[in-house]
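What follows is model12.txt (compact mmCIF, C-alpha atoms).
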# COMPACT_ATOMS: atom_id res chain seq x y z
CA MET J 14 -0.22 -3.12 7.12
CA ARG J 15 -1.72 -0.21 5.16
CA ARG J 16 -5.01 -1.07 3.45
CA ALA J 17 -5.26 -0.34 -0.28
CA ALA J 18 -7.95 1.95 -1.64
CA VAL J 19 -11.19 0.35 -2.79
CA PRO J 20 -10.76 -0.70 -6.45
CA THR J 21 -12.64 1.30 -9.06
CA THR J 22 -14.32 -1.87 -10.29
CA VAL J 23 -15.89 -2.44 -6.85
CA ILE J 24 -17.29 1.11 -6.83
CA THR J 25 -18.67 0.60 -10.35
CA VAL J 26 -20.33 -2.68 -9.35
CA ALA J 27 -21.83 -1.03 -6.26
CA ARG J 28 -23.29 1.83 -8.28
CA SER J 29 -24.67 -0.57 -10.87
CA PHE J 30 -26.26 -2.63 -8.10
CA VAL J 31 -27.97 0.47 -6.67
CA ALA J 32 -29.45 1.33 -10.07
CA ALA J 33 -30.63 -2.25 -10.61
CA ALA J 34 -32.03 -2.43 -7.07
CA VAL J 35 -34.12 0.72 -7.51
CA PHE J 36 -35.56 -0.55 -10.79
CA GLY J 37 -36.20 -4.03 -9.38
CA TYR J 38 -37.87 -2.67 -6.25
CA PHE J 39 -40.41 -0.53 -8.07
CA PHE J 40 -41.06 -3.29 -10.60
CA ASP J 41 -41.82 -5.60 -7.68
CA LEU J 42 -44.18 -3.02 -6.16
CA LEU J 43 -46.02 -2.71 -9.47
CA HIS J 44 -46.48 -6.49 -9.50
CA GLN J 45 -48.34 -6.18 -6.17
CA THR J 46 -51.13 -4.10 -7.71
CA HIS J 47 -52.78 -6.93 -9.64
CA GLY J 48 -56.03 -6.34 -7.80
CA GLN J 49 -56.31 -3.19 -5.71
CA LEU J 50 -53.11 -3.39 -3.60
CA VAL J 51 -52.51 -7.16 -3.64
CA ASN J 52 -51.32 -9.58 -6.29
CA ALA J 53 -52.88 -12.84 -7.39
CA GLU J 54 -50.79 -14.85 -4.92
CA GLY J 55 -52.08 -12.79 -1.98
CA ARG J 56 -48.94 -10.71 -1.47
CA PRO J 57 -49.82 -7.10 -0.53
CA PHE J 58 -48.29 -3.83 -1.67
CA GLY J 59 -45.28 -3.31 0.59
CA ASP J 60 -45.38 -6.91 1.83
CA ASP J 61 -44.98 -6.91 5.64
CA TRP J 62 -45.72 -3.19 5.78
CA ILE J 63 -49.37 -4.26 5.91
CA ASN J 64 -48.69 -5.66 9.40
CA PHE J 65 -46.99 -2.56 10.76
CA TRP J 66 -49.48 -0.08 9.29
CA SER J 67 -52.49 -2.15 10.34
CA GLY J 68 -51.12 -2.50 13.86
CA SER J 69 -50.50 1.24 14.10
CA TYR J 70 -53.95 2.14 12.71
CA LEU J 71 -55.85 -0.23 15.01
CA THR J 72 -53.85 1.00 18.01
CA LEU J 73 -54.50 4.66 17.21
CA HIS J 74 -58.23 3.95 16.94
CA GLY J 75 -58.47 2.06 20.23
CA ARG J 76 -58.66 -1.39 18.63
CA ALA J 77 -55.29 -2.81 19.69
CA ALA J 78 -56.92 -6.07 20.84
CA GLU J 79 -57.67 -6.91 17.19
CA VAL J 80 -53.97 -6.97 16.35
CA TYR J 81 -53.49 -10.34 18.07
CA ASP J 82 -56.87 -11.74 16.96
CA LEU J 83 -55.94 -13.56 13.75
CA ASN J 84 -59.38 -13.44 12.15
CA ALA J 85 -60.10 -9.81 13.05
CA PHE J 86 -56.62 -8.70 12.01
CA HIS J 87 -56.88 -10.46 8.65
CA ALA J 88 -60.33 -9.04 8.01
CA PHE J 89 -59.12 -5.50 8.67
CA GLN J 90 -56.07 -5.92 6.46
CA GLN J 91 -58.26 -7.02 3.57
CA THR J 92 -60.19 -3.76 3.86
CA VAL J 93 -56.86 -1.95 3.36
CA VAL J 94 -55.38 -3.80 0.36
CA GLY J 95 -58.26 -5.97 -0.81
CA PRO J 96 -58.61 -9.75 -1.26
CA PRO J 97 -57.18 -12.28 -1.74
CA LEU J 98 -54.67 -11.51 1.01
CA ASP J 99 -52.53 -14.31 2.46
CA GLY J 100 -52.61 -14.96 6.20
CA ARG J 101 -50.58 -12.58 8.36
CA LEU J 102 -49.54 -12.85 12.01
CA TYR J 103 -48.40 -9.90 14.14
CA ALA J 104 -45.35 -11.48 15.80
CA TYR J 105 -44.12 -8.37 17.62
CA PRO J 106 -44.75 -7.45 21.26
CA PRO J 107 -47.16 -4.65 22.25
CA VAL J 108 -44.08 -2.42 22.69
CA THR J 109 -43.89 -2.26 18.89
CA LEU J 110 -47.43 -0.89 18.72
CA LEU J 111 -46.26 2.12 20.72
CA LEU J 112 -43.36 2.77 18.37
CA VAL J 113 -45.25 2.45 15.08
CA VAL J 114 -48.46 4.26 16.04
CA PRO J 115 -47.38 7.61 14.46
CA PHE J 116 -47.40 5.94 11.03
CA ALA J 117 -51.18 5.55 11.27
CA LEU J 118 -51.38 9.31 10.66
CA ILE J 119 -50.12 8.69 7.11
CA PRO J 120 -52.17 6.87 4.45
CA TYR J 121 -51.07 3.33 3.66
CA VAL J 122 -49.21 3.83 0.35
CA PRO J 123 -47.21 6.98 1.18
CA GLY J 124 -46.72 5.56 4.67
CA LEU J 125 -44.65 2.74 3.18
CA PHE J 126 -42.19 5.19 1.65
CA VAL J 127 -42.01 7.27 4.83
CA TRP J 128 -41.37 4.07 6.82
CA LEU J 129 -38.57 2.91 4.52
CA SER J 130 -37.02 6.36 4.08
CA ALA J 131 -37.02 7.22 7.79
CA SER J 132 -35.56 3.87 8.79
CA TRP J 133 -32.93 4.00 6.03
CA TYR J 134 -31.89 7.48 7.14
CA GLY J 135 -31.50 6.24 10.71
CA PHE J 136 -29.31 3.41 9.42
CA TYR J 137 -27.32 5.85 7.28
CA ARG J 138 -26.65 8.09 10.30
CA ALA J 139 -25.50 5.10 12.34
CA LEU J 140 -23.22 3.97 9.51
CA LYS J 141 -21.81 7.48 9.26
CA LEU J 142 -20.94 7.36 12.98
CA ALA J 143 -19.19 4.04 12.45
CA MET J 144 -17.47 5.03 9.21
CA PRO J 145 -16.49 8.68 9.06
CA GLY J 146 -15.19 9.78 5.68
CA ARG J 147 -16.07 9.13 2.07
CA GLY J 148 -18.06 6.23 0.69
CA VAL J 149 -20.71 6.12 3.42
CA LEU J 150 -23.62 7.01 1.17
CA LEU J 151 -22.70 4.44 -1.49
CA LEU J 152 -22.30 1.67 1.10
CA ALA J 153 -25.62 2.61 2.73
CA LEU J 154 -27.39 2.35 -0.63
CA ALA J 155 -25.52 -0.65 -2.05
CA THR J 156 -25.81 -2.94 0.98
CA PRO J 157 -27.86 -5.89 -0.36
CA ALA J 158 -29.80 -6.25 2.90
CA VAL J 159 -31.24 -2.75 2.34
CA LEU J 160 -32.90 -3.97 -0.86
CA ILE J 161 -34.18 -7.17 0.78
CA ASN J 162 -35.52 -5.13 3.70
CA ALA J 163 -37.30 -2.71 1.35
CA VAL J 164 -38.88 -5.50 -0.70
CA ALA J 165 -40.10 -7.13 2.52
CA GLY J 166 -41.39 -3.82 3.93
CA GLN J 167 -39.55 -4.73 7.09
CA ASN J 168 -37.71 -3.12 10.01
CA GLY J 169 -34.11 -4.17 9.39
CA CYS J 170 -32.96 -0.58 8.98
CA TRP J 171 -34.55 0.38 12.31
CA THR J 172 -32.65 -2.49 13.97
CA ALA J 173 -29.39 -1.30 12.38
CA ALA J 174 -30.08 2.27 13.50
CA PHE J 175 -30.75 1.27 17.12
CA LEU J 176 -27.95 -1.29 17.50
CA GLY J 177 -25.36 0.42 15.30
CA GLY J 178 -26.12 3.92 16.54
CA GLY J 179 -26.17 2.83 20.17
CA LEU J 180 -22.82 1.06 19.95
CA ALA J 181 -21.20 3.87 17.94
CA LEU J 182 -22.23 6.46 20.57
CA LEU J 183 -21.31 4.36 23.58
CA GLU J 184 -18.04 6.10 24.41
CA ARG J 185 -19.14 9.69 23.74
CA ARG J 186 -22.79 9.73 24.82
CA PRO J 187 -23.48 6.67 26.99
CA TYR J 188 -27.00 7.69 28.02
CA VAL J 189 -28.11 8.30 24.43
CA ALA J 190 -26.41 5.05 23.43
CA GLY J 191 -28.22 3.15 26.16
CA ALA J 192 -31.55 4.65 25.13
CA LEU J 193 -31.02 3.52 21.54
CA LEU J 194 -30.06 0.03 22.66
CA GLY J 195 -33.11 -0.05 24.94
CA MET J 196 -35.34 0.54 21.91
CA MET J 197 -34.50 -3.02 20.90
CA ALA J 198 -37.24 -4.07 23.33
CA TYR J 199 -39.31 -4.17 20.15
CA LYS J 200 -37.17 -7.04 18.83
CA PRO J 201 -35.34 -8.43 21.89
CA HIS J 202 -34.15 -11.69 20.34
CA LEU J 203 -31.62 -9.71 18.28
CA ALA J 204 -30.25 -7.93 21.36
CA LEU J 205 -29.62 -10.91 23.63
CA LEU J 206 -25.89 -10.17 23.84
CA VAL J 207 -26.27 -6.46 24.58
CA PRO J 208 -26.63 -6.93 28.38
CA VAL J 209 -23.70 -9.37 28.32
CA ALA J 210 -21.48 -6.86 26.52
CA LEU J 211 -22.47 -3.87 28.65
CA PHE J 212 -21.99 -5.81 31.88
CA ALA J 213 -18.64 -7.31 30.82
CA GLY J 214 -17.48 -3.91 29.60
CA ARG J 215 -18.64 -2.19 32.80
CA ARG J 216 -20.70 0.33 30.84
CA TRP J 217 -22.96 1.09 33.79
CA ARG J 218 -24.44 4.37 32.54
CA ALA J 219 -25.40 2.89 29.18
CA MET J 220 -26.79 -0.20 30.90
CA ALA J 221 -28.94 1.96 33.19
CA ALA J 222 -30.25 4.00 30.24
CA ALA J 223 -31.01 0.84 28.24
CA ALA J 224 -32.85 -0.75 31.17
CA ALA J 225 -34.78 2.47 31.82
CA THR J 226 -35.80 2.81 28.16
CA GLY J 227 -36.81 -0.81 27.77
CA GLY J 228 -38.59 -0.79 31.12
CA MET J 229 -40.47 2.40 30.25
CA LEU J 230 -41.67 0.93 26.94
CA LEU J 231 -42.75 -2.29 28.62
CA GLY J 232 -44.48 -0.48 31.46
CA LEU J 233 -46.24 1.99 29.19
CA SER J 234 -47.51 -0.76 26.90
CA TRP J 235 -48.75 -2.68 29.97
CA LEU J 236 -50.59 0.38 31.29
CA LEU J 237 -52.12 1.40 27.96
CA PHE J 238 -53.07 -2.02 26.65
CA GLY J 239 -53.45 -4.05 29.81
CA PRO J 240 -52.14 -7.51 30.74
CA GLU J 241 -54.74 -9.22 28.53
CA LEU J 242 -53.07 -7.98 25.35
CA TRP J 243 -49.69 -9.19 26.56
CA ALA J 244 -51.20 -12.59 27.42
CA HIS J 245 -52.73 -12.79 23.94
CA TYR J 246 -49.36 -11.92 22.40
CA VAL J 247 -47.61 -14.68 24.39
CA ARG J 248 -50.18 -17.25 23.23
CA ASN J 249 -49.69 -16.18 19.62
CA LEU J 250 -45.92 -16.26 20.04
CA THR J 251 -46.07 -19.86 21.21
CA ALA J 252 -48.12 -20.84 18.17
CA PHE J 253 -45.79 -18.80 15.94
CA ARG J 254 -42.75 -20.65 17.29
CA HIS J 255 -44.29 -24.06 16.64
CA VAL J 256 -45.41 -23.22 13.11
CA ILE J 257 -42.63 -20.94 11.80
CA VAL J 258 -39.52 -21.83 13.81
CA ASP J 259 -40.01 -25.46 14.80
CA GLY J 260 -42.11 -26.34 11.76
CA ALA J 261 -41.38 -25.88 8.09
CA VAL J 262 -37.92 -24.48 7.36
CA SER J 263 -37.94 -20.95 5.94
CA MET J 264 -35.02 -20.35 3.62
CA ARG J 265 -35.07 -16.66 4.57
CA MET J 266 -33.94 -17.60 8.06
CA VAL J 267 -30.16 -17.69 8.49
CA SER J 268 -29.70 -19.12 11.98
CA VAL J 269 -27.76 -22.19 13.09
CA PHE J 270 -31.03 -23.77 14.21
CA VAL J 271 -32.62 -23.52 10.77
CA ALA J 272 -29.44 -24.76 9.06
CA ALA J 273 -29.51 -27.86 11.27
CA ARG J 274 -33.22 -28.41 10.58
CA SER J 275 -32.60 -28.19 6.84
CA LEU J 276 -30.05 -31.00 7.21
CA GLY J 277 -32.66 -33.22 8.83
CA ALA J 278 -31.79 -32.72 12.51
CA SER J 279 -34.61 -32.95 15.01
CA VAL J 280 -35.99 -29.86 16.72
CA THR J 281 -34.32 -30.85 19.99
CA ALA J 282 -30.92 -31.53 18.40
CA SER J 283 -31.12 -28.28 16.45
CA TYR J 284 -31.81 -26.31 19.61
CA TRP J 285 -28.83 -27.95 21.32
CA LEU J 286 -26.58 -27.07 18.40
CA GLN J 287 -27.91 -23.52 18.48
CA ALA J 288 -27.20 -23.38 22.22
CA GLY J 289 -23.60 -24.49 21.61
CA PHE J 290 -22.93 -21.74 19.10
CA ALA J 291 -24.72 -19.26 21.36
CA ALA J 292 -22.44 -20.18 24.27
CA VAL J 293 -19.31 -19.68 22.15
CA ALA J 294 -20.57 -16.32 20.89
CA CYS J 295 -21.50 -15.23 24.41
CA VAL J 296 -18.07 -16.08 25.82
CA ALA J 297 -16.27 -14.43 22.90
CA VAL J 298 -18.26 -11.21 23.26
CA ALA J 299 -17.88 -11.14 27.04
CA LEU J 300 -14.11 -11.58 26.80
CA ALA J 301 -13.74 -8.92 24.09
CA TRP J 302 -15.68 -6.39 26.14
CA PHE J 303 -14.07 -7.32 29.45
CA LYS J 304 -10.54 -7.01 27.99
CA ASN J 305 -11.36 -3.54 26.66
CA THR J 306 -10.69 -4.49 23.04
CA PRO J 307 -10.81 -1.53 20.59
CA ALA J 308 -14.39 -0.32 20.23
CA GLU J 309 -14.74 -1.21 16.56
CA LEU J 310 -13.70 -4.82 17.13
CA ARG J 311 -15.85 -5.46 20.18
CA ASN J 312 -18.85 -3.80 18.53
CA ALA J 313 -18.45 -5.93 15.41
CA LEU J 314 -18.13 -9.08 17.52
CA LEU J 315 -21.30 -8.19 19.39
CA LEU J 316 -23.39 -7.84 16.22
CA LEU J 317 -21.88 -10.92 14.59
CA GLY J 318 -22.42 -12.89 17.78
CA SER J 319 -26.03 -11.72 17.86
CA CYS J 320 -26.57 -13.61 14.60
CA LEU J 321 -25.36 -16.82 16.26
CA VAL J 322 -27.26 -16.74 19.55
CA THR J 323 -30.85 -16.60 18.28
CA PRO J 324 -32.68 -19.29 16.30
CA TYR J 325 -34.83 -16.62 14.66
CA VAL J 326 -32.90 -14.22 12.43
CA LEU J 327 -33.87 -13.42 8.85
CA ASP J 328 -32.10 -12.04 5.81
CA TYR J 329 -33.64 -8.56 6.15
CA ASP J 330 -32.38 -8.31 9.75
CA LEU J 331 -28.80 -8.08 8.49
CA VAL J 332 -28.79 -4.45 7.37
CA PHE J 333 -26.36 -3.87 10.25
CA GLY J 334 -23.87 -6.00 8.30
CA ALA J 335 -22.66 -2.82 6.60
CA ILE J 336 -21.85 -1.31 10.00
CA VAL J 337 -19.99 -4.47 11.04
CA VAL J 338 -17.86 -4.38 7.89
CA ALA J 339 -17.21 -0.65 8.32
CA TRP J 340 -15.89 -1.23 11.84
CA LEU J 341 -13.66 -4.15 10.88
CA TRP J 342 -12.16 -2.40 7.86
CA GLN J 343 -10.88 0.39 10.07
CA GLN J 344 -8.61 -2.07 11.87
CA PRO J 345 -5.06 -2.76 10.68
CA VAL J 346 -4.20 -6.30 9.61
CA GLN J 347 -0.91 -8.11 10.12
CA SER J 348 -0.49 -9.91 6.81
CA THR J 349 -1.76 -10.33 3.26
CA GLY J 350 -3.48 -13.55 4.35
CA ALA J 351 -5.38 -11.73 7.10
CA GLU J 352 -6.38 -9.04 4.60
CA ARG J 353 -7.69 -11.67 2.19
CA ALA J 354 -9.64 -13.41 4.98
CA LEU J 355 -11.25 -10.10 5.94
CA GLN J 356 -12.19 -9.42 2.31
CA ILE J 357 -13.77 -12.84 1.86
CA GLY J 358 -15.55 -12.78 5.21
CA SER J 359 -16.92 -9.28 4.60
CA GLY J 360 -18.09 -10.17 1.11
CA LEU J 361 -19.89 -13.30 2.29
CA PHE J 362 -21.63 -11.50 5.14
CA LEU J 363 -22.81 -8.64 2.94
CA LEU J 364 -24.02 -11.00 0.20
CA LEU J 365 -25.88 -13.34 2.57
CA PRO J 366 -29.27 -11.54 2.42
CA LEU J 367 -29.17 -11.53 -1.36
CA VAL J 368 -28.31 -15.21 -1.87
CA ALA J 369 -29.65 -17.03 1.22
CA SER J 370 -33.19 -17.55 -0.04
CA PRO J 371 -32.32 -18.41 -3.69
CA LEU J 372 -29.65 -20.90 -2.58
CA GLY J 373 -32.02 -22.44 -0.07
CA HIS J 374 -34.80 -22.94 -2.60
CA LEU J 375 -32.34 -24.31 -5.13
CA THR J 376 -30.72 -26.85 -2.80
CA GLY J 377 -33.18 -27.34 0.05
CA LEU J 378 -30.46 -26.37 2.52
CA ALA J 379 -30.07 -23.27 4.68
CA PHE J 380 -26.53 -21.90 4.28
CA GLY J 381 -26.81 -18.87 6.58
CA PRO J 382 -24.18 -19.81 9.20
CA LEU J 383 -21.60 -20.54 6.50
CA PHE J 384 -21.83 -16.88 5.47
CA ILE J 385 -21.70 -15.57 9.05
CA LEU J 386 -19.03 -17.74 10.71
CA PRO J 387 -16.04 -16.71 8.52
CA LEU J 388 -16.35 -13.04 9.46
CA PHE J 389 -17.03 -13.95 13.11
CA VAL J 390 -13.78 -15.97 13.17
CA VAL J 391 -11.89 -13.13 11.46
CA ALA J 392 -13.19 -10.61 14.01
CA LEU J 393 -12.34 -12.99 16.86
CA ARG J 394 -8.77 -13.45 15.61
CA MET J 395 -8.34 -9.73 15.17
CA SER J 396 -9.59 -9.22 18.71
CA PHE J 397 -7.16 -11.75 20.19
CA ALA J 398 -4.27 -10.31 18.16
CA LYS J 399 -5.05 -6.82 19.43
CA GLN J 400 -5.19 -8.08 23.03
CA LYS J 401 -1.78 -9.74 22.63
CA GLU J 402 -0.36 -6.50 21.24
CA THR J 403 -1.74 -4.60 24.22
CA VAL J 404 -0.27 -7.09 26.70
CA ALA J 405 3.12 -7.03 24.96
CA ALA J 406 3.17 -3.23 24.90
CA THR J 407 2.29 -3.10 28.60
CA GLN J 408 5.05 -5.55 29.51
CA GLU J 409 7.58 -3.61 27.45
CA ARG J 410 6.55 -0.37 29.12
CA LEU J 411 6.85 -1.90 32.57
CA SER J 412 10.27 -3.40 31.82
CA SER J 413 11.58 -0.06 30.59
CA VAL J 414 10.84 1.64 33.92
CA GLN J 415 12.36 -1.06 36.11
CA PRO J 416 15.79 -0.21 37.62
Structure rendered as structure tokens:
Amino acid sequence: MRRAAVPTTVITVARSFVAAAVFGYFFDLLHQTHGQLVNAEGRPFGDDWINFWSGSYLTLHGRAAEVYDLNAFHAFQQTVVGPPLDGRLYAYPPVTLLLVVPFALIPYVPGLFVWLSASWYGFYRALKLAMPGRGVLLLALATPAVLINAVAGQNGCWTAAFLGGGLALLERRPYVAGALLGMMAYKPHLALLVPVALFAGRRWRAMAAAAATGGMLLGLSWLLFGPELWAHYVRNLTAFRHVIVDGAVSMRMVSVFVAARSLGASVTASYWLQAGFAAVACVAVALAWFKNTPAELRNALLLLGSCLVTPYVLDYDLVFGAIVVAWLWQQPVQSTGAERALQIGSGLFLLLPLVASPLGHLTGLAFGPLFILPLFVVALRMSFAKQKETVAATQERLSSVQP
């Protein structure tokens, strides 16, 4: 079934959203300059950028141990943006310190814009690999998660660049693809299904490159910072899990675990439910990659499944949603109903970062999985349909050559 062109009204809405997003972003930044570079509620200019820049600066100046010392880290951050700054925890492994250290060469304020611009460009290049043709720039700018990521000063665009770029290059440049996927050592909980997919798909060269890249980053961070820093990070991570994940429900988190917790389920029951969804996602991804499903479908399933396997995924992590939608929209559909399901699923997944937190604060419930599951099911059905077509075509070809 031939897909219709994108309606003019959708393009108009997207352009209007970009204009509103730019205005809203800079208005939000201005609000964070109430006193020096922090507002009255303790929120700093660039939000979580204070963590990344502080970590890079301390590392560059031989003070990496202070990054995981809560009191020392907070004291240093207040010298950057001023008081009263709310409490901040560096929840990333020492590997991340290696990757962000170049940003310490740039002053704090311009560094924020370099950070966001460089990461957005990496995401844009990955999206362009996944979606050749017109409309790439508009989609890269109008994706709601890009705005949420910018407001948070976060790394969602880097994640999209590494995962999306790695998967898009897998067939043509497996070693480069593996290296990009290996960079996810900085945020491994979002790449749990990558080894499953590469193993099931027998992508040995990419797997070797990913393991080598991740291993090199881990080894280098161990050599430069020592085992003590890693031990300190693990202790902080345990405390972080108890306070942030197991404790109070954050409406910015969109995982199955947090949705169950918001409904009143116990921590143990929520983890079991999360494990059930993770098992389904793992099997689905393994089968899609083992059966050699078209690249766009298996890549989309991998990223959608990644949202279902981890209990810790936030709204700004979903910048790669644009890449998922780009891959799925390149696939033919069999009926008007399938087309409508793809439209609805894509719309929900793209809108999730924009509406998850407001809906959660309004209702007290975390709706994340309800925005992720429809597109996951659509992608799964498309994958199975394509596999059936392949089997039928093979059988027909074999029958035509029999005497």
Hey, which bits of segment 154-191 of chain J sit within 12 Å of segment 225-239 of chain J, and for each residue what's the closest pair of atoms and how far apart in Å (one decimal), counting all atoms listed in the file, rows by chain and increasing number, as CSV?
residue,atom,partner,partner_atom,distance
J:Tyr188,CA,J:Thr226,CA,10.1
J:Val189,CA,J:Thr226,CA,10.2
J:Ala190,CA,J:Thr226,CA,10.8
J:Gly191,CA,J:Thr226,CA,7.8
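Shortest atom-to-atom contact with His374 of chain J among J:Gln343, J:Ser275, J:Ser283, J:Thr25: J:Ser275, counting all atoms listed in the file.
When all atoms listed in the file are used to measure the gap to Leu331 of chain J, the shortest distance among J:Phe136, J:Tyr246, J:Phe380, J:Tyr121 belongs to J:Phe136.
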Nearest to Arg254 of chain J among J:Val114, J:Ala104, J:Met197, J:Leu183, with distances taken over all atoms listed in the file: which residue is it?
J:Ala104
Which residues, written as a PyMOL selection string, have at least one atom at most 10 Å from Arg216 of chain J, with all atoms listed in the file counted and residues fewer than 3 positions away on the same chain left out?
chain J and resi 183-184+187+191+208+210-213+219-221+302
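Distance-wise, atom CA of Asp61 of chain J and atom CA of Leu361 of chain J end up 26.1 Å apart.
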Select, from J:Asn52, J:Thr46, J:Gln91, J:Asn305, the residue with the minimum atom-to-atom distance to Arg215 of chain J, counting all atoms listed in the file.
J:Asn305
Closest contacts (segment 295-382 of chain J/segment 173-179 of chain J, max 10 Å, only C-alpha atoms) as JSON lines:
{"residue": "J:Asn312", "atom": "CA", "partner": "J:Gly177", "partner_atom": "CA", "distance": 8.4}
{"residue": "J:Ala313", "atom": "CA", "partner": "J:Gly177", "partner_atom": "CA", "distance": 9.4}
{"residue": "J:Leu315", "atom": "CA", "partner": "J:Leu176", "partner_atom": "CA", "distance": 9.8}
{"residue": "J:Leu316", "atom": "CA", "partner": "J:Leu176", "partner_atom": "CA", "distance": 8.1}
{"residue": "J:Asp330", "atom": "CA", "partner": "J:Ala173", "partner_atom": "CA", "distance": 8.1}
{"residue": "J:Leu331", "atom": "CA", "partner": "J:Ala173", "partner_atom": "CA", "distance": 7.8}
{"residue": "J:Val332", "atom": "CA", "partner": "J:Ala173", "partner_atom": "CA", "distance": 5.9}
{"residue": "J:Phe333", "atom": "CA", "partner": "J:Ala173", "partner_atom": "CA", "distance": 4.5}
{"residue": "J:Gly334", "atom": "CA", "partner": "J:Ala173", "partner_atom": "CA", "distance": 8.3}
{"residue": "J:Ala335", "atom": "CA", "partner": "J:Ala173", "partner_atom": "CA", "distance": 9.0}
{"residue": "J:Ile336", "atom": "CA", "partner": "J:Gly177", "partner_atom": "CA", "distance": 6.6}
{"residue": "J:Val337", "atom": "CA", "partner": "J:Gly177", "partner_atom": "CA", "distance": 8.4}
List as a list in words the protein and nucleic acid residues near segment 320-329 of chain J, meaning an atom at most 7 Å away when all atoms listed in the file are counted, but skip any in the same chain fewer than 5 places from it.
Ala158, Ile161, Asn162, Gly169, His202, Leu203, Arg265, Met266, Val267, Ser268, Val269, Phe270, Val271, Gln287, Phe290, Ala291, Ala294 and Pro366 of chain J
For Val122 of chain J, which of J:Leu242, J:Leu73, J:Phe89, J:Gly59 is the closest residue, counting only C-alpha atoms?
J:Gly59
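Proximity to Gly377 of chain J was assessed for J:Lys200, J:Arg186, J:His47, J:Arg274 counting all atoms listed in the file; the smallest distance is recorded for J:Arg274.
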Please identify all polymer residues within 10 Å of Tyr70 of chain J, counting all atoms listed in the file, omitting same-chain residues fewer than 2 positions from it, and present them as a PDB file with C-alpha atoms, in the coordinates of the input.
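Output below, filename part-v1.pdb:
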ATOM      1  CA  ASN J  64     -48.690  -5.660   9.400  1.00  0.00           C
ATOM      2  CA  PHE J  65     -46.990  -2.560  10.760  1.00  0.00           C
ATOM      3  CA  TRP J  66     -49.480  -0.080   9.290  1.00  0.00           C
ATOM      4  CA  SER J  67     -52.490  -2.150  10.340  1.00  0.00           C
ATOM      5  CA  GLY J  68     -51.120  -2.500  13.860  1.00  0.00           C
ATOM      6  CA  THR J  72     -53.850   1.000  18.010  1.00  0.00           C
ATOM      7  CA  LEU J  73     -54.500   4.660  17.210  1.00  0.00           C
ATOM      8  CA  HIS J  74     -58.230   3.950  16.940  1.00  0.00           C
ATOM      9  CA  GLY J  75     -58.470   2.060  20.230  1.00  0.00           C
ATOM     10  CA  ARG J  76     -58.660  -1.390  18.630  1.00  0.00           C
ATOM     11  CA  ALA J  77     -55.290  -2.810  19.690  1.00  0.00           C
ATOM     12  CA  VAL J  80     -53.970  -6.970  16.350  1.00  0.00           C
ATOM     13  CA  LEU J 110     -47.430  -0.890  18.720  1.00  0.00           C
ATOM     14  CA  VAL J 113     -45.250   2.450  15.080  1.00  0.00           C
ATOM     15  CA  VAL J 114     -48.460   4.260  16.040  1.00  0.00           C
ATOM     16  CA  PRO J 115     -47.380   7.610  14.460  1.00  0.00           C
ATOM     17  CA  PHE J 116     -47.400   5.940  11.030  1.00  0.00           C
ATOM     18  CA  ALA J 117     -51.180   5.550  11.270  1.00  0.00           C
ATOM     19  CA  LEU J 118     -51.380   9.310  10.660  1.00  0.00           C
ATOM     20  CA  ILE J 119     -50.120   8.690   7.110  1.00  0.00           C
ATOM     21  CA  PRO J 120     -52.170   6.870   4.450  1.00  0.00           C
ATOM     22  CA  TYR J 121     -51.070   3.330   3.660  1.00  0.00           C
TER      23      TYR J 121
END
I'd like the interatomic distance between atom CA of Ser69 of chain J and atom CA of His87 of chain J, to a tenth of an Å.
14.4 Å
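Close contacts of Glu309 of chain J, defined as residues with an atom at most 9 Å away when counting only C-alpha atoms, with chain neighbours fewer than 2 positions off set aside, comprise Ala143, Ala181, Thr306, Pro307, Arg311, Asn312, Ala313, Leu314, Val337, Ala339, Trp340, Leu341, Gln343 and Gln344 of chain J.
For the pair atom CA of Leu50 of chain J and atom CA of Phe86 of chain J, the interatomic distance is 16.9 Å.
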Residues near Leu154 of chain J, anyone? I mean within 9 Å using only C-alpha atoms, not counting same-chain ones fewer than 5 positions away, as a VMD selection string.
chain J and resid 27 to 28 31 133 137 149 159 to 160
